[in-house]
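Student: The structure is given below, and queries will be raised subsequently.
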Amino acid sequence: MTEVRTCRIPRTHNGPPGSANGGYACGMFARTAAGVVGTAAVVQLHAAPPLDTELAVRPHRGRALVWHGDELVATVSAAAHDRPAGAPFVTATAADRAGGSFAGAAAHPFPECVVCGTARTDPAALRLTPGGVDGLPDVVACVWTPGDQDLDTVWAVLDCPGGWTLDQSGSPYVLGRMSARVDAVPPPGEPTVVVARRLATVGRTARVASALFGPDGTEFGRAEATWVRLSASSDPAPREREGLRW
C-alpha cells in the first residue's frame with residue numbers, strides 16, 4: 001500500500017461511550033494496513049478511535065499511521081512474530097458454566113459495549129459473558145455463537161474477554177495495544193469457545209492473551225494485548241483518554 005486509504009467504524013460498534021470498541025478498531029486498522037505491514041500486525045492505540053468518522057490510514061516508513069484530521073489515533077506495525085501467546089482450550093461445557101459467573105452482569109463499566117455490554121439487545125451486539133473457569137486461575141471463558149461475522153469482529157471477540165481477566169471494578173482498564181492472528185472466521189450458527197488468560201500485571205498495565213476455538217478444539221484465532229487502567233479522575237469518553245498515549 002502506497003496510497004492513503006480510509007476506514008470508518010460504524011456507530012453501532014462502540015466500546016466506552018462515544019468511542020469504538022478497541023478490538024474492532026484494531027482489526028479494521030490492521031486489515032486496512034495489511035498492504036504495508038503484512039497479515040501479522042500489532043496495533044498501538046494513541047487515542048480512543050472515533051465512531052462514524054472517516055479515518056485516514058497513511059503508510060510511513062514501513063508502518064501505517066491512522067489519523068483523524070491532525071490527531072494520531074493508532075500506529076500499525078508488523079508483529080515481531082505471527083503467533084501471539086493465545087490461551088488454553090477449555091470445553092464448551094466448562095465455558096458455558098464459566099459464562100454464568102460473568103462479573104459484568106452485576107457491574108459493568110461500559111454496559112453499551114458491542115461485544116460484552118449487558119445493556120445491548122440490538123442485532124450488532126455480540127453479548128459475550130466471559131467468567132472465571134473452575135480450576136484455572138486468571139482464565140475466563142464463555143460460549144459464543146457467531147452470526148455472519150467478519151474479520152474485524154473476530155478481533156473484537158478476542159479483545160473484550162482479556163479485559164475480564166482483570167479487576168474492572170472502580171477505575172476500569174481499557175485496551176492500549178493488540179496483536180492478533182485469525183486463521184479463519186468461524187461459520188455462522190455454530191457455537192465457539194472464547195478463552196482469555198491474564199499473563200502479567202505491572203502497575204496500571206496488564207498483559208493478557210485470548211483465543212477462539214471450535215468445540216472440538218480447532219483454533220480460529222489468538223491474540224495478545226496490553227490493557228491500561230484509567231486513573232480515578234479519567235473520563236473514558238473523550239478521544240484523548242489517559243493511558244492511551246505512550
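Scheme for the C-alpha cells: letters A, B, ... for chains in order shown; per-chain residue numbers from 1; ligand numbers from 1 in order shown.
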Would you list the contacts of Pro16 (chain A) as a PyMOL selection string, taking every protein, DNA or RNA residue within 12 Å and counting only C-alpha atoms, but skipping same-chain residues closer than 2 positions in sequence?
Tutor: chain A and resi 11-14+18-23+48-51+108-117+160+172-175+235-239+241
Student: Using N, CA, C and O atoms, can you write the selected residues to a file as a compact mmCIF listing (two decimals), in the first residue's frame?
Tutor:
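Once everything was written out, this is again.txt:
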# COMPACT_ATOMS: atom_id res chain seq x y z
N ARG A 11 -21.20 3.35 14.01
CA ARG A 11 -21.59 3.87 15.32
C ARG A 11 -22.08 2.76 16.25
O ARG A 11 -21.99 2.89 17.48
N THR A 12 -22.55 1.67 15.68
CA THR A 12 -23.04 0.56 16.50
C THR A 12 -21.91 -0.20 17.19
O THR A 12 -22.16 -0.96 18.13
N HIS A 13 -20.66 -0.01 16.73
CA HIS A 13 -19.54 -0.82 17.22
C HIS A 13 -18.70 -0.07 18.25
O HIS A 13 -17.49 0.04 18.14
N ASN A 14 -19.37 0.42 19.27
CA ASN A 14 -18.70 1.18 20.32
C ASN A 14 -18.21 0.28 21.43
O ASN A 14 -18.66 -0.86 21.60
N GLY A 18 -19.05 6.86 23.25
CA GLY A 18 -18.51 7.83 22.31
C GLY A 18 -17.27 7.39 21.56
O GLY A 18 -16.72 8.17 20.78
N SER A 19 -16.81 6.15 21.75
CA SER A 19 -15.62 5.69 21.03
C SER A 19 -15.78 4.23 20.65
O SER A 19 -16.63 3.51 21.18
N ALA A 20 -14.94 3.79 19.71
CA ALA A 20 -15.08 2.45 19.16
C ALA A 20 -14.64 1.38 20.14
O ALA A 20 -13.81 1.63 21.03
N ASN A 21 -15.16 0.19 19.96
CA ASN A 21 -14.61 -0.96 20.66
C ASN A 21 -13.16 -1.13 20.20
O ASN A 21 -12.87 -1.13 19.00
N GLY A 22 -12.25 -1.26 21.15
CA GLY A 22 -10.83 -1.26 20.82
C GLY A 22 -10.43 -2.40 19.91
O GLY A 22 -9.67 -2.22 18.95
N GLY A 23 -10.92 -3.62 20.18
CA GLY A 23 -10.55 -4.75 19.36
C GLY A 23 -11.07 -4.63 17.95
O GLY A 23 -10.37 -4.96 16.98
N ALA A 48 -8.58 7.18 21.71
CA ALA A 48 -9.77 6.35 21.51
C ALA A 48 -10.32 6.58 20.11
O ALA A 48 -10.59 7.71 19.71
N PRO A 49 -10.50 5.53 19.31
CA PRO A 49 -10.95 5.70 17.92
C PRO A 49 -12.38 6.24 17.85
O PRO A 49 -13.28 5.70 18.50
N PRO A 50 -12.60 7.28 17.08
CA PRO A 50 -13.94 7.85 16.98
C PRO A 50 -14.86 6.99 16.12
O PRO A 50 -14.41 6.19 15.29
N LEU A 51 -16.15 7.15 16.32
CA LEU A 51 -17.16 6.40 15.59
C LEU A 51 -17.71 7.19 14.41
O LEU A 51 -17.76 8.42 14.44
N HIS A 108 -20.91 -3.38 35.29
CA HIS A 108 -20.18 -3.27 34.02
C HIS A 108 -19.77 -1.81 33.82
O HIS A 108 -20.62 -0.93 33.86
N PRO A 109 -18.46 -1.54 33.57
CA PRO A 109 -18.06 -0.14 33.38
C PRO A 109 -18.58 0.46 32.08
O PRO A 109 -18.76 1.67 31.98
N PHE A 110 -18.81 -0.40 31.07
CA PHE A 110 -19.26 0.08 29.76
C PHE A 110 -20.41 -0.81 29.27
O PHE A 110 -20.24 -1.62 28.35
N PRO A 111 -21.59 -0.68 29.86
CA PRO A 111 -22.69 -1.61 29.55
C PRO A 111 -23.20 -1.53 28.12
O PRO A 111 -23.92 -2.44 27.68
N GLU A 112 -22.80 -0.49 27.38
CA GLU A 112 -23.24 -0.38 25.99
C GLU A 112 -22.21 -0.96 25.01
O GLU A 112 -22.38 -0.84 23.80
N CYS A 113 -21.16 -1.60 25.51
CA CYS A 113 -20.13 -2.18 24.64
C CYS A 113 -20.76 -3.19 23.69
O CYS A 113 -21.54 -4.05 24.11
N VAL A 114 -20.39 -3.13 22.41
CA VAL A 114 -20.98 -4.01 21.40
C VAL A 114 -20.61 -5.47 21.63
O VAL A 114 -21.35 -6.37 21.23
N VAL A 115 -19.50 -5.74 22.30
CA VAL A 115 -19.04 -7.12 22.48
C VAL A 115 -19.59 -7.74 23.75
O VAL A 115 -20.17 -8.82 23.73
N CYS A 116 -19.41 -7.08 24.89
CA CYS A 116 -19.76 -7.69 26.17
C CYS A 116 -20.75 -6.86 26.97
O CYS A 116 -21.01 -7.16 28.13
N GLY A 117 -21.31 -5.82 26.37
CA GLY A 117 -22.24 -4.96 27.09
C GLY A 117 -23.51 -5.68 27.49
O GLY A 117 -24.06 -6.48 26.72
N CYS A 160 -12.34 -8.20 24.18
CA CYS A 160 -13.02 -7.95 25.45
C CYS A 160 -12.80 -9.01 26.52
O CYS A 160 -12.63 -8.67 27.70
N PRO A 172 -11.76 1.39 35.50
CA PRO A 172 -11.63 0.23 34.62
C PRO A 172 -10.35 0.27 33.78
O PRO A 172 -9.68 1.29 33.66
N TYR A 173 -10.03 -0.87 33.20
CA TYR A 173 -8.97 -0.98 32.21
C TYR A 173 -9.54 -0.76 30.81
O TYR A 173 -10.70 -1.11 30.55
N VAL A 174 -8.73 -0.20 29.92
CA VAL A 174 -9.09 -0.08 28.51
C VAL A 174 -7.94 -0.62 27.65
O VAL A 174 -6.79 -0.67 28.10
N LEU A 175 -8.25 -1.00 26.44
CA LEU A 175 -7.25 -1.57 25.54
C LEU A 175 -6.25 -0.51 25.10
O LEU A 175 -6.64 0.60 24.72
N ASP A 235 -11.90 10.32 32.31
CA ASP A 235 -13.18 10.13 31.64
C ASP A 235 -12.91 9.31 30.39
O ASP A 235 -12.17 9.74 29.53
N PRO A 236 -13.49 8.09 30.26
CA PRO A 236 -13.17 7.26 29.11
C PRO A 236 -13.80 7.72 27.82
O PRO A 236 -13.49 7.21 26.76
N ALA A 237 -14.69 8.71 27.87
CA ALA A 237 -15.39 9.11 26.65
C ALA A 237 -14.54 9.93 25.68
O ALA A 237 -14.57 9.70 24.49
N PRO A 238 -13.76 10.94 26.14
CA PRO A 238 -13.01 11.73 25.19
C PRO A 238 -12.00 10.89 24.43
O PRO A 238 -11.53 9.86 24.92
N ARG A 239 -11.64 11.31 23.22
CA ARG A 239 -10.72 10.54 22.39
C ARG A 239 -9.34 10.49 23.02
O ARG A 239 -8.62 9.52 22.88
N ARG A 241 -7.89 9.72 25.88
CA ARG A 241 -8.01 9.13 27.21
C ARG A 241 -6.63 8.94 27.82
O ARG A 241 -5.68 8.59 27.15
Student: Which of region 18-68 of chain A end up as strand (DSSP E or B) when DSSP is run on this backbone - answer as a PDB file with N, CA and C atoms, in the first residue's frame?
Tutor:
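Dumped everything to states.pdb:
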ATOM      1  N   ALA A  20     -14.945   3.793  19.709  1.00  0.00           N
ATOM      2  CA  ALA A  20     -15.076   2.451  19.162  1.00  0.00           C
ATOM      3  C   ALA A  20     -14.636   1.377  20.141  1.00  0.00           C
ATOM      4  N   ALA A  41       0.036  -8.229  12.340  1.00  0.00           N
ATOM      5  CA  ALA A  41       0.155  -6.820  12.714  1.00  0.00           C
ATOM      6  C   ALA A  41      -0.025  -6.635  14.208  1.00  0.00           C
ATOM      7  N   VAL A  42       0.588  -5.577  14.710  1.00  0.00           N
ATOM      8  CA  VAL A  42       0.346  -5.123  16.073  1.00  0.00           C
ATOM      9  C   VAL A  42      -0.131  -3.683  15.985  1.00  0.00           C
ATOM     10  N   VAL A  43      -1.192  -3.375  16.713  1.00  0.00           N
ATOM     11  CA  VAL A  43      -1.807  -2.047  16.651  1.00  0.00           C
ATOM     12  C   VAL A  43      -1.669  -1.372  18.004  1.00  0.00           C
ATOM     13  N   GLN A  44      -1.057  -0.207  17.995  1.00  0.00           N
ATOM     14  CA  GLN A  44      -0.920   0.619  19.200  1.00  0.00           C
ATOM     15  C   GLN A  44      -1.928   1.756  19.121  1.00  0.00           C
ATOM     16  N   LEU A  45      -2.833   1.820  20.087  1.00  0.00           N
ATOM     17  CA  LEU A  45      -3.797   2.915  20.147  1.00  0.00           C
ATOM     18  C   LEU A  45      -3.181   4.096  20.873  1.00  0.00           C
ATOM     19  N   LEU A  55     -11.439   8.000   8.788  1.00  0.00           N
ATOM     20  CA  LEU A  55     -10.075   7.992   9.290  1.00  0.00           C
ATOM     21  C   LEU A  55      -9.132   7.691   8.132  1.00  0.00           C
ATOM     22  N   ALA A  56      -8.010   8.377   8.085  1.00  0.00           N
ATOM     23  CA  ALA A  56      -7.023   8.185   7.020  1.00  0.00           C
ATOM     24  C   ALA A  56      -5.925   7.254   7.504  1.00  0.00           C
ATOM     25  N   VAL A  57      -5.608   6.240   6.704  1.00  0.00           N
ATOM     26  CA  VAL A  57      -4.542   5.293   7.011  1.00  0.00           C
ATOM     27  C   VAL A  57      -3.400   5.553   6.038  1.00  0.00           C
ATOM     28  N   ARG A  58      -2.299   6.108   6.559  1.00  0.00           N
ATOM     29  CA  ARG A  58      -1.193   6.561   5.716  1.00  0.00           C
ATOM     30  C   ARG A  58       0.055   5.725   5.963  1.00  0.00           C
ATOM     31  N   PRO A  59       0.684   5.205   4.906  1.00  0.00           N
ATOM     32  CA  PRO A  59       1.953   4.482   5.088  1.00  0.00           C
ATOM     33  C   PRO A  59       3.055   5.429   5.519  1.00  0.00           C
ATOM     34  N   HIS A  60       3.928   4.955   6.417  1.00  0.00           N
ATOM     35  CA  HIS A  60       5.014   5.795   6.906  1.00  0.00           C
ATOM     36  C   HIS A  60       6.150   4.910   7.395  1.00  0.00           C
ATOM     37  N   ARG A  63       5.463   1.368   8.387  1.00  0.00           N
ATOM     38  CA  ARG A  63       4.310   1.242   9.255  1.00  0.00           C
ATOM     39  C   ARG A  63       3.137   1.966   8.623  1.00  0.00           C
ATOM     40  N   ALA A  64       1.989   1.930   9.282  1.00  0.00           N
ATOM     41  CA  ALA A  64       0.835   2.704   8.835  1.00  0.00           C
ATOM     42  C   ALA A  64       0.325   3.513  10.018  1.00  0.00           C
ATOM     43  N   LEU A  65       0.039   4.774   9.768  1.00  0.00           N
ATOM     44  CA  LEU A  65      -0.469   5.674  10.807  1.00  0.00           C
ATOM     45  C   LEU A  65      -1.928   5.986  10.519  1.00  0.00           C
ATOM     46  N   VAL A  66      -2.759   5.890  11.544  1.00  0.00           N
ATOM     47  CA  VAL A  66      -4.185   6.150  11.415  1.00  0.00           C
ATOM     48  C   VAL A  66      -4.470   7.529  11.986  1.00  0.00           C
ATOM     49  N   TRP A  67      -5.027   8.399  11.149  1.00  0.00           N
ATOM     50  CA  TRP A  67      -5.239   9.791  11.533  1.00  0.00           C
ATOM     51  C   TRP A  67      -6.718  10.158  11.520  1.00  0.00           C
ATOM     52  N   HIS A  68      -7.120  10.962  12.503  1.00  0.00           N
ATOM     53  CA  HIS A  68      -8.411  11.640  12.499  1.00  0.00           C
ATOM     54  C   HIS A  68      -8.095  13.129  12.406  1.00  0.00           C
TER      55      HIS A  68
END
Student: Which of these, A:Ala107, A:Val36, A:Gln149, A:Val139, has the shortest distance to Ala124 (chain A) once you count only C-alpha atoms?
Tutor: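 Ranked by minimum distance to Ala124 (chain A), first place goes to A:Gln149.
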Student: Write out as a list in words the set of residues from region 71-109 of chain A that DSSP, computed on the backbone, places in alpha helix (DSSP H).
Tutor: Ala92, Thr93, Ala94, Ala95, Asp96, Arg97, Ala98 and Gly99 of chain A
Student: Selected residues, N, CA and C atoms, written as an mmCIF file, in the first residue's frame, please.
Tutor:
data_model
loop_
_atom_site.group_PDB
_atom_site.id
_atom_site.type_symbol
_atom_site.label_atom_id
_atom_site.label_comp_id
_atom_site.auth_asym_id
_atom_site.auth_seq_id
_atom_site.Cartn_x
_atom_site.Cartn_y
_atom_site.Cartn_z
ATOM 1 N N ALA A 92 -16.584 -26.787 25.825
ATOM 2 C CA ALA A 92 -17.770 -25.950 25.727
ATOM 3 C C ALA A 92 -18.590 -26.015 27.008
ATOM 4 N N THR A 93 -18.618 -27.171 27.647
ATOM 5 C CA THR A 93 -19.356 -27.311 28.904
ATOM 6 C C THR A 93 -18.761 -26.419 29.989
ATOM 7 N N ALA A 94 -17.417 -26.439 30.097
ATOM 8 C CA ALA A 94 -16.743 -25.604 31.096
ATOM 9 C C ALA A 94 -16.912 -24.124 30.764
ATOM 10 N N ALA A 95 -16.852 -23.782 29.480
ATOM 11 C CA ALA A 95 -17.002 -22.381 29.071
ATOM 12 C C ALA A 95 -18.424 -21.882 29.332
ATOM 13 N N ASP A 96 -19.411 -22.735 29.074
ATOM 14 C CA ASP A 96 -20.792 -22.347 29.324
ATOM 15 C C ASP A 96 -21.022 -22.122 30.812
ATOM 16 N N ARG A 97 -20.440 -22.981 31.639
ATOM 17 C CA ARG A 97 -20.546 -22.814 33.089
ATOM 18 C C ARG A 97 -19.855 -21.523 33.531
ATOM 19 N N ALA A 98 -18.690 -21.248 32.961
ATOM 20 C CA ALA A 98 -17.961 -20.025 33.308
ATOM 21 C C ALA A 98 -18.758 -18.779 32.941
ATOM 22 N N GLY A 99 -19.455 -18.828 31.796
ATOM 23 C CA GLY A 99 -20.242 -17.674 31.368
ATOM 24 C C GLY A 99 -21.331 -17.292 32.345
#
Student: Report, in Å to a single decimal, how far apart CA of Ala47 (chain A) and CA of Ala74 (chain A) are.
Tutor: 7.0 Å
